[in-house]
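Visitor: What follows is target11.csv, made up of CSV, C-alpha atoms and all ligand atoms:
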```csv
chain,number,residue,atom,x,y,z
A,1199,MET,CA,4.1,12.7,-30.7
A,1200,ALA,CA,0.8,13.2,-29.0
A,1201,ALA,CA,-1.2,13.5,-32.2
A,1202,PRO,CA,-0.5,10.0,-33.7
A,1203,ASP,CA,-0.9,8.5,-30.4
A,1204,LEU,CA,-4.3,10.0,-30.0
A,1205,GLN,CA,-5.3,8.9,-33.5
A,1206,THR,CA,-4.3,5.3,-32.9
A,1207,ASN,CA,-6.2,5.4,-29.7
A,1208,VAL,CA,-9.4,6.6,-31.2
A,1209,ALA,CA,-9.1,4.3,-34.3
A,1210,THR,CA,-8.5,1.1,-32.4
A,1211,GLU,CA,-10.4,1.7,-29.2
A,1212,ASP,CA,-12.8,-1.1,-29.9
A,1213,GLU,CA,-10.2,-3.7,-30.5
A,1214,VAL,CA,-7.3,-2.7,-28.4
A,1215,VAL,CA,-7.6,-2.2,-24.6
A,1216,TYR,CA,-5.0,-0.1,-22.9
A,1217,CYS,CA,-3.5,-0.5,-19.5
A,1218,THR,CA,-5.2,1.5,-16.8
A,1219,VAL,CA,-1.9,2.7,-15.4
A,1220,HIS,CA,-0.1,3.1,-18.7
A,1221,PRO,CA,-2.5,4.6,-21.3
A,1222,ASN,CA,0.0,4.1,-24.1
A,1223,VAL,CA,0.6,0.5,-23.5
A,1224,GLU,CA,-1.7,-2.2,-24.8
A,1225,ALA,CA,-3.2,-4.3,-22.1
A,1226,THR,CA,-2.7,-8.0,-22.6
A,1227,LEU,CA,-4.0,-9.1,-19.3
A,1228,ARG,CA,-6.9,-8.4,-17.0
A,1229,CYS,CA,-6.8,-8.4,-13.2
A,1230,ASN,CA,-8.9,-11.4,-12.1
A,1231,ARG,CA,-10.1,-9.6,-9.0
A,1232,CYS,CA,-11.2,-6.1,-10.2
A,1233,GLY,CA,-11.1,-6.8,-13.9
A,1234,ARG,CA,-9.1,-3.8,-14.9
A,1235,PRO,CA,-7.0,-4.1,-18.1
A,1236,MET,CA,-3.3,-4.1,-17.5
A,1237,CYS,CA,0.0,-4.5,-19.2
A,1238,THR,CA,2.6,-7.1,-18.4
A,1239,ARG,CA,4.5,-4.6,-16.3
A,1240,CYS,CA,1.5,-4.0,-14.1
A,1241,ALA,CA,0.5,-7.6,-13.8
A,1242,VAL,CA,1.5,-9.5,-10.7
A,1243,LEU,CA,1.4,-13.3,-10.9
A,1244,THR,CA,-0.2,-14.6,-7.7
A,1245,PRO,CA,-1.1,-18.2,-6.8
A,1246,VAL,CA,-4.6,-17.4,-7.9
A,1247,GLY,CA,-3.7,-15.8,-11.2
A,1248,TYR,CA,-2.8,-12.4,-12.6
A,1249,ARG,CA,-3.7,-9.4,-10.5
A,1250,CYS,CA,-3.1,-5.7,-10.6
A,1251,LYS,CA,-0.7,-4.1,-8.0
A,1252,GLN,CA,-3.5,-2.4,-6.2
A,1253,CYS,CA,-5.4,-5.6,-5.6
A,1254,VAL,CA,-2.2,-7.3,-4.4
A,1255,ARG,CA,-1.6,-4.5,-2.0
A,1256,GLN,CA,-5.1,-4.7,-0.7
A,1257,GLN,CA,-4.7,-8.5,-0.2
A,1258,GLN,CA,-1.6,-7.8,1.8
A,1259,ASP,CA,-3.3,-5.3,4.0
A,1260,THR,CA,-5.9,-7.9,5.0
A,1261,PHE,CA,-3.1,-10.4,5.4
A,1262,PHE,CA,-1.4,-8.2,7.9
A,1263,ASN,CA,-4.2,-7.7,10.2
A,1264,ALA,CA,-2.4,-6.8,13.4
A,1265,GLN,CA,-3.7,-3.9,15.4
A,1266,PHE,CA,-1.7,-1.1,16.9
A,1267,TYR,CA,-2.1,-2.6,20.4
A,1268,ASP,CA,-0.7,-5.9,19.1
A,1269,TYR,CA,2.6,-4.1,18.5
A,1270,LEU,CA,2.5,-2.7,22.1
A,1271,ILE,CA,1.8,-6.1,23.5
A,1272,ALA,CA,4.5,-7.7,21.4
A,1273,ALA,CA,7.1,-5.1,22.5
A,1274,GLY,CA,6.1,-5.2,26.2
A,1275,ALA,CA,6.0,-9.0,26.4
A,1276,SER,CA,9.4,-9.4,24.5
A,1277,VAL,CA,11.2,-6.9,26.8
A,1278,VAL,CA,9.8,-8.3,30.0
A,1279,ILE,CA,10.3,-12.0,29.3
A,1280,SER,CA,13.6,-11.4,27.7
A,1281,PHE,CA,14.8,-9.5,30.7
A,1282,VAL,CA,13.8,-12.4,33.0
A,1283,ALA,CA,15.4,-15.0,30.8
A,1284,ALA,CA,18.6,-13.0,30.4
A,1285,PHE,CA,18.6,-12.3,34.1
A,1286,PHE,CA,18.6,-16.0,35.0
A,1287,LEU,CA,21.1,-16.8,32.3
A,1288,SER,CA,23.5,-14.1,33.5
A,1289,ARG,CA,23.5,-15.7,36.9
A,1290,ILE,CA,24.6,-19.1,35.6
A,1291,GLY,CA,28.4,-19.3,35.6
A,1292,PHE,CA,28.7,-21.4,32.4
A,1293,PHE,CA,28.4,-19.1,29.4
A,1294,TYR,CA,27.9,-22.0,27.0
A,1295,ILE,CA,24.5,-22.7,28.5
A,1296,ALA,CA,23.5,-19.7,26.5
A,1297,PHE,CA,23.9,-21.6,23.3
A,1298,LEU,CA,21.1,-23.9,24.4
A,1299,ALA,CA,19.0,-21.6,26.5
A,1300,ALA,CA,19.0,-18.5,24.3
A,1301,PRO,CA,17.3,-20.1,21.3
A,1302,ALA,CA,14.8,-21.7,23.7
A,1303,ALA,CA,14.1,-18.4,25.3
A,1304,GLY,CA,13.7,-16.8,21.9
A,1305,ALA,CA,11.3,-19.5,20.8
A,1306,ALA,CA,9.3,-19.2,24.1
A,1307,ILE,CA,9.1,-15.4,23.7
A,1308,GLY,CA,7.8,-15.8,20.1
A,1309,GLY,CA,5.2,-18.3,21.3
A,1310,VAL,CA,4.0,-16.0,24.1
A,1311,VAL,CA,3.7,-13.0,21.7
A,1312,ARG,CA,1.8,-15.2,19.2
A,1313,THR,CA,-0.6,-16.3,21.9
A,1314,LEU,CA,-1.1,-12.8,23.2
A,1315,THR,CA,-1.7,-11.3,19.8
A,1316,GLY,CA,-4.2,-14.0,18.9
A,1317,LYS,CA,-2.1,-15.1,15.9
A,1318,ARG,CA,-2.8,-11.9,14.0
A,1319,ARG,CA,0.0,-11.1,11.6
A,1320,GLY,CA,1.8,-7.8,11.6
A,1321,ARG,CA,4.1,-6.3,9.1
A,1322,TYR,CA,6.5,-5.1,11.8
A,1323,THR,CA,6.0,-7.9,14.5
A,1324,ALA,CA,9.4,-9.5,13.6
A,1325,MET,CA,11.3,-6.3,14.0
A,1326,ILE,CA,9.5,-5.3,17.2
A,1327,VAL,CA,10.0,-8.7,18.9
A,1328,GLY,CA,13.6,-8.7,17.9
A,1329,ALA,CA,14.2,-5.2,19.2
A,1330,GLY,CA,12.2,-6.1,22.4
A,1331,VAL,CA,14.3,-9.2,23.1
A,1332,ALA,CA,17.5,-7.2,22.6
A,1333,LEU,CA,16.3,-4.3,24.8
A,1334,GLY,CA,15.2,-6.6,27.6
A,1335,ALA,CA,18.6,-8.3,27.8
A,1336,LEU,CA,20.8,-5.2,27.3
A,1337,PRO,CA,20.8,-4.0,31.0
A,1338,LEU,CA,22.4,-7.4,32.0
A,1339,LEU,CA,25.3,-7.0,29.6
A,1340,MET,CA,27.4,-5.4,32.3
A,1341,PHE,CA,26.9,-8.3,34.7
A,1342,ASN,CA,27.8,-11.1,32.3
A,1343,PRO,CA,28.9,-9.8,29.0
A,1344,LEU,CA,29.8,-13.1,27.3
A,1345,THR,CA,26.6,-14.9,28.1
A,1346,ILE,CA,24.5,-11.9,27.2
A,1347,ILE,CA,26.3,-11.3,23.9
A,1348,ILE,CA,25.6,-14.9,22.9
A,1349,TYR,CA,22.0,-14.5,24.1
A,1350,LEU,CA,21.5,-11.3,22.1
A,1351,PHE,CA,22.5,-13.0,18.9
A,1352,LEU,CA,20.6,-16.3,19.3
A,1353,ALA,CA,17.5,-15.2,21.2
A,1354,THR,CA,16.9,-12.1,19.1
A,1355,GLY,CA,17.3,-14.1,15.9
A,1356,THR,CA,15.1,-17.0,17.0
A,1357,ALA,CA,12.3,-14.8,18.3
A,1358,ALA,CA,12.2,-12.6,15.2
A,1359,ALA,CA,12.5,-15.5,12.8
A,1360,GLN,CA,9.2,-16.9,14.1
A,1361,PHE,CA,7.3,-14.0,12.6
A,1362,GLY,CA,9.2,-14.0,9.3
A,1363,LEU,CA,10.3,-11.0,7.5
A,1364,ARG,CA,7.7,-10.4,4.8
A,1365,LEU,CA,7.9,-7.3,2.8
B,1,ZN,ZN,-7.1,-5.5,-9.6
B,2,ZN,ZN,0.7,-0.9,-17.2
```
How would this structure read if it were set down as structure tokens?
Ligand SMILES: [Zn+2]
Ligand SMILES: [Zn+2]
Guide:
Amino acid sequence: MAAPDLQTNVATEDEVVYCTVHPNVEATLRCNRCGRPMCTRCAVLTPVGYRCKQCVRQQQDTFFNAQFYDYLIAAGASVVISFVAAFFLSRIGFFYIAFLAAPAAGAAIGGVVRTLTGKRRGRYTAMIVGAGVALGALPLLMFNPLTIIIYLFLATGTAAAQFGLRL
């Protein structure tokens, strides 16, 4: 199997270009960023044209430009603000106030984290903010379970949703 392949390769090298990743597959496309030949399996259609997977990955790395300390700030701010918000909510007798106040608190926490991290985007910010909001409210669960359970669902969701879940 190797021999005929090699022959074809040599004979048609001038006309046929092979995929950089798959040497046996004819390249029908070229990455418009690095110019490498690629097969349809390797090509990724982006808003700016066909690109190889490596270039797409590199673009994502520049897109997600959050630093390590951004995650620390995001975690710290979420836990602290969430604790304060949940604390006041747990003191209010009417649990249904949580339906209004929890999404507002989640939105506010998201806004604060965004301001503190200078609008840098992080791959894990959504998860960290969600976990931080939940963690901050958790200690208050024993004082006012109903309010805090509603809070946990709504505030965590609202805060995390602000940072999207890009993968
Ligand atoms: Zn490329
Ligand atoms: Zn390929």
Visitor: Identify, counting all atoms listed in the file, the protein, DNA and RNA residues located within 9 Å of ligand ZN 1 (chain B), and give them as a list in words.
Guide: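 Result of the 9 Å neighbour search around ligand ZN 1 (chain B): Arg1228, Cys1229, Asn1230, Arg1231, Cys1232, Gly1233, Arg1234, Pro1235, Met1236, Ala1241, Tyr1248, Arg1249, Cys1250, Lys1251, Gln1252, Cys1253 and Val1254 of chain A.
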Visitor: Using only C-alpha atoms, please write the residues we just selected to a file, as a PDB file, keeping the file's coordinate frame.
Guide:
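The resulting file, result29.pdb, is shown below:
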```pdb
ATOM      1  CA  ARG A1228      -6.900  -8.400 -17.000  1.00  0.00           C
ATOM      2  CA  CYS A1229      -6.800  -8.400 -13.200  1.00  0.00           C
ATOM      3  CA  ASN A1230      -8.900 -11.400 -12.100  1.00  0.00           C
ATOM      4  CA  ARG A1231     -10.100  -9.600  -9.000  1.00  0.00           C
ATOM      5  CA  CYS A1232     -11.200  -6.100 -10.200  1.00  0.00           C
ATOM      6  CA  GLY A1233     -11.100  -6.800 -13.900  1.00  0.00           C
ATOM      7  CA  ARG A1234      -9.100  -3.800 -14.900  1.00  0.00           C
ATOM      8  CA  PRO A1235      -7.000  -4.100 -18.100  1.00  0.00           C
ATOM      9  CA  MET A1236      -3.300  -4.100 -17.500  1.00  0.00           C
ATOM     10  CA  ALA A1241       0.500  -7.600 -13.800  1.00  0.00           C
ATOM     11  CA  TYR A1248      -2.800 -12.400 -12.600  1.00  0.00           C
ATOM     12  CA  ARG A1249      -3.700  -9.400 -10.500  1.00  0.00           C
ATOM     13  CA  CYS A1250      -3.100  -5.700 -10.600  1.00  0.00           C
ATOM     14  CA  LYS A1251      -0.700  -4.100  -8.000  1.00  0.00           C
ATOM     15  CA  GLN A1252      -3.500  -2.400  -6.200  1.00  0.00           C
ATOM     16  CA  CYS A1253      -5.400  -5.600  -5.600  1.00  0.00           C
ATOM     17  CA  VAL A1254      -2.200  -7.300  -4.400  1.00  0.00           C
TER      18      VAL A1254
END
```
Visitor: Check every protein, DNA and RNA residue against ligand ZN 2 (chain B), keep those with an atom at most 10 Å away (counting only C-alpha atoms and all ligand atoms), and present them as a list in words.
Guide: Tyr1216, Cys1217, Thr1218, Val1219, His1220, Pro1221, Asn1222, Val1223, Glu1224, Ala1225, Thr1226, Leu1227, Pro1235, Met1236, Cys1237, Thr1238, Arg1239, Cys1240, Ala1241, Cys1250 and Lys1251 of chain A
Visitor: Kindly save the residues from that selection, with C-alpha atoms included, as a PDB file, in the coordinates of the input.
Guide:
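In the end it all went to part_15.pdb:
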```
ATOM      1  CA  TYR A1216      -5.000  -0.100 -22.900  1.00  0.00           C
ATOM      2  CA  CYS A1217      -3.500  -0.500 -19.500  1.00  0.00           C
ATOM      3  CA  THR A1218      -5.200   1.500 -16.800  1.00  0.00           C
ATOM      4  CA  VAL A1219      -1.900   2.700 -15.400  1.00  0.00           C
ATOM      5  CA  HIS A1220      -0.100   3.100 -18.700  1.00  0.00           C
ATOM      6  CA  PRO A1221      -2.500   4.600 -21.300  1.00  0.00           C
ATOM      7  CA  ASN A1222       0.000   4.100 -24.100  1.00  0.00           C
ATOM      8  CA  VAL A1223       0.600   0.500 -23.500  1.00  0.00           C
ATOM      9  CA  GLU A1224      -1.700  -2.200 -24.800  1.00  0.00           C
ATOM     10  CA  ALA A1225      -3.200  -4.300 -22.100  1.00  0.00           C
ATOM     11  CA  THR A1226      -2.700  -8.000 -22.600  1.00  0.00           C
ATOM     12  CA  LEU A1227      -4.000  -9.100 -19.300  1.00  0.00           C
ATOM     13  CA  PRO A1235      -7.000  -4.100 -18.100  1.00  0.00           C
ATOM     14  CA  MET A1236      -3.300  -4.100 -17.500  1.00  0.00           C
ATOM     15  CA  CYS A1237       0.000  -4.500 -19.200  1.00  0.00           C
ATOM     16  CA  THR A1238       2.600  -7.100 -18.400  1.00  0.00           C
ATOM     17  CA  ARG A1239       4.500  -4.600 -16.300  1.00  0.00           C
ATOM     18  CA  CYS A1240       1.500  -4.000 -14.100  1.00  0.00           C
ATOM     19  CA  ALA A1241       0.500  -7.600 -13.800  1.00  0.00           C
ATOM     20  CA  CYS A1250      -3.100  -5.700 -10.600  1.00  0.00           C
ATOM     21  CA  LYS A1251      -0.700  -4.100  -8.000  1.00  0.00           C
TER      22      LYS A1251
END
```
Visitor: Quote the spacing between CA of Asp1268 (chain A) and CA of Leu1333 (chain A) in Å to one decimal place.
Guide: 18.0 Å
Visitor: If I take CA of Pro1343 (chain A) and CA of Ser1288 (chain A), how far is one from the other in Å, to one decimal?
Guide: 8.2 Å
Visitor: From the set A:Val1214, A:Gly1247, A:Ser1280, A:Ala1272, which residue has the shortest atom-to-atom contact distance to Arg1319 (chain A), counting all atoms listed in the file?
Guide: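 Closest to Arg1319 (chain A) of all the choices is A:Ala1272.
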Visitor: Write out as a PDB file with C-alpha atoms, keeping the file's coordinate frame the residues lying within 10 Å of Leu1298 (chain A), counting only C-alpha atoms and excluding same-chain residues fewer than 4 positions away.
Guide:
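Written out: around.pdb:
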```
ATOM      1  CA  TYR A1294      27.900 -22.000  27.000  1.00  0.00           C
ATOM      2  CA  ALA A1302      14.800 -21.700  23.700  1.00  0.00           C
ATOM      3  CA  ALA A1303      14.100 -18.400  25.300  1.00  0.00           C
ATOM      4  CA  TYR A1349      22.000 -14.500  24.100  1.00  0.00           C
ATOM      5  CA  LEU A1352      20.600 -16.300  19.300  1.00  0.00           C
ATOM      6  CA  ALA A1353      17.500 -15.200  21.200  1.00  0.00           C
TER       7      ALA A1353
END
```
Visitor: Kindly provide, as a ChimeraX atom specification, the polymer residues lying within 12 Å of (4.1, -8.5, 26.2), counting only C-alpha atoms and using the coordinates exactly as they appear in the file.
Guide: /A:1267-1281,1307-1315,1323,1326-1327,1330-1331,1334
Visitor: Go through A:Gln1258, A:Thr1244, A:Asn1263, A:Thr1345 and flag the residue nearest Arg1289 (chain A), using only C-alpha atoms for the distances.
Guide: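 The closest residue to Arg1289 (chain A) is A:Thr1345.
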Visitor: Quick one: residues within 10 Å of Phe1261 (chain A), all atoms listed in the file counted, chain neighbours fewer than 4 positions away excluded, as a compact mmCIF listing (two decimals) with C-alpha atoms, in the coordinates of the input?
Guide:
```txt
# COMPACT_ATOMS: atom_id res chain seq x y z
CA ARG A 1255 -1.60 -4.50 -2.00
CA GLN A 1256 -5.10 -4.70 -0.70
CA GLN A 1257 -4.70 -8.50 -0.20
CA ARG A 1318 -2.80 -11.90 14.00
CA ARG A 1319 0.00 -11.10 11.60
CA GLY A 1320 1.80 -7.80 11.60
CA ARG A 1321 4.10 -6.30 9.10
```
Visitor: So what do you get for CA of Ala1359 (chain A) versus CA of Ala1284 (chain A), distance-wise?
Guide: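 These two atoms are separated by 18.8 Å.
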Visitor: Nearest to Leu1339 (chain A) among A:Ala1357, A:Met1325, A:Val1242, A:Leu1287, with distances taken over all atoms listed in the file: which residue is it?
Guide: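 With all atoms listed in the file as the atom set, the closest residue is A:Leu1287.
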Visitor: Pick out the closest residue to Gly1355 (chain A) from this set: A:Val1282, A:Ala1335, A:Met1340, A:Ala1324. Count all atoms listed in the file.
Guide: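 Comparing A:Val1282, A:Ala1335, A:Met1340, A:Ala1324 against Gly1355 (chain A), the winner is A:Ala1324.
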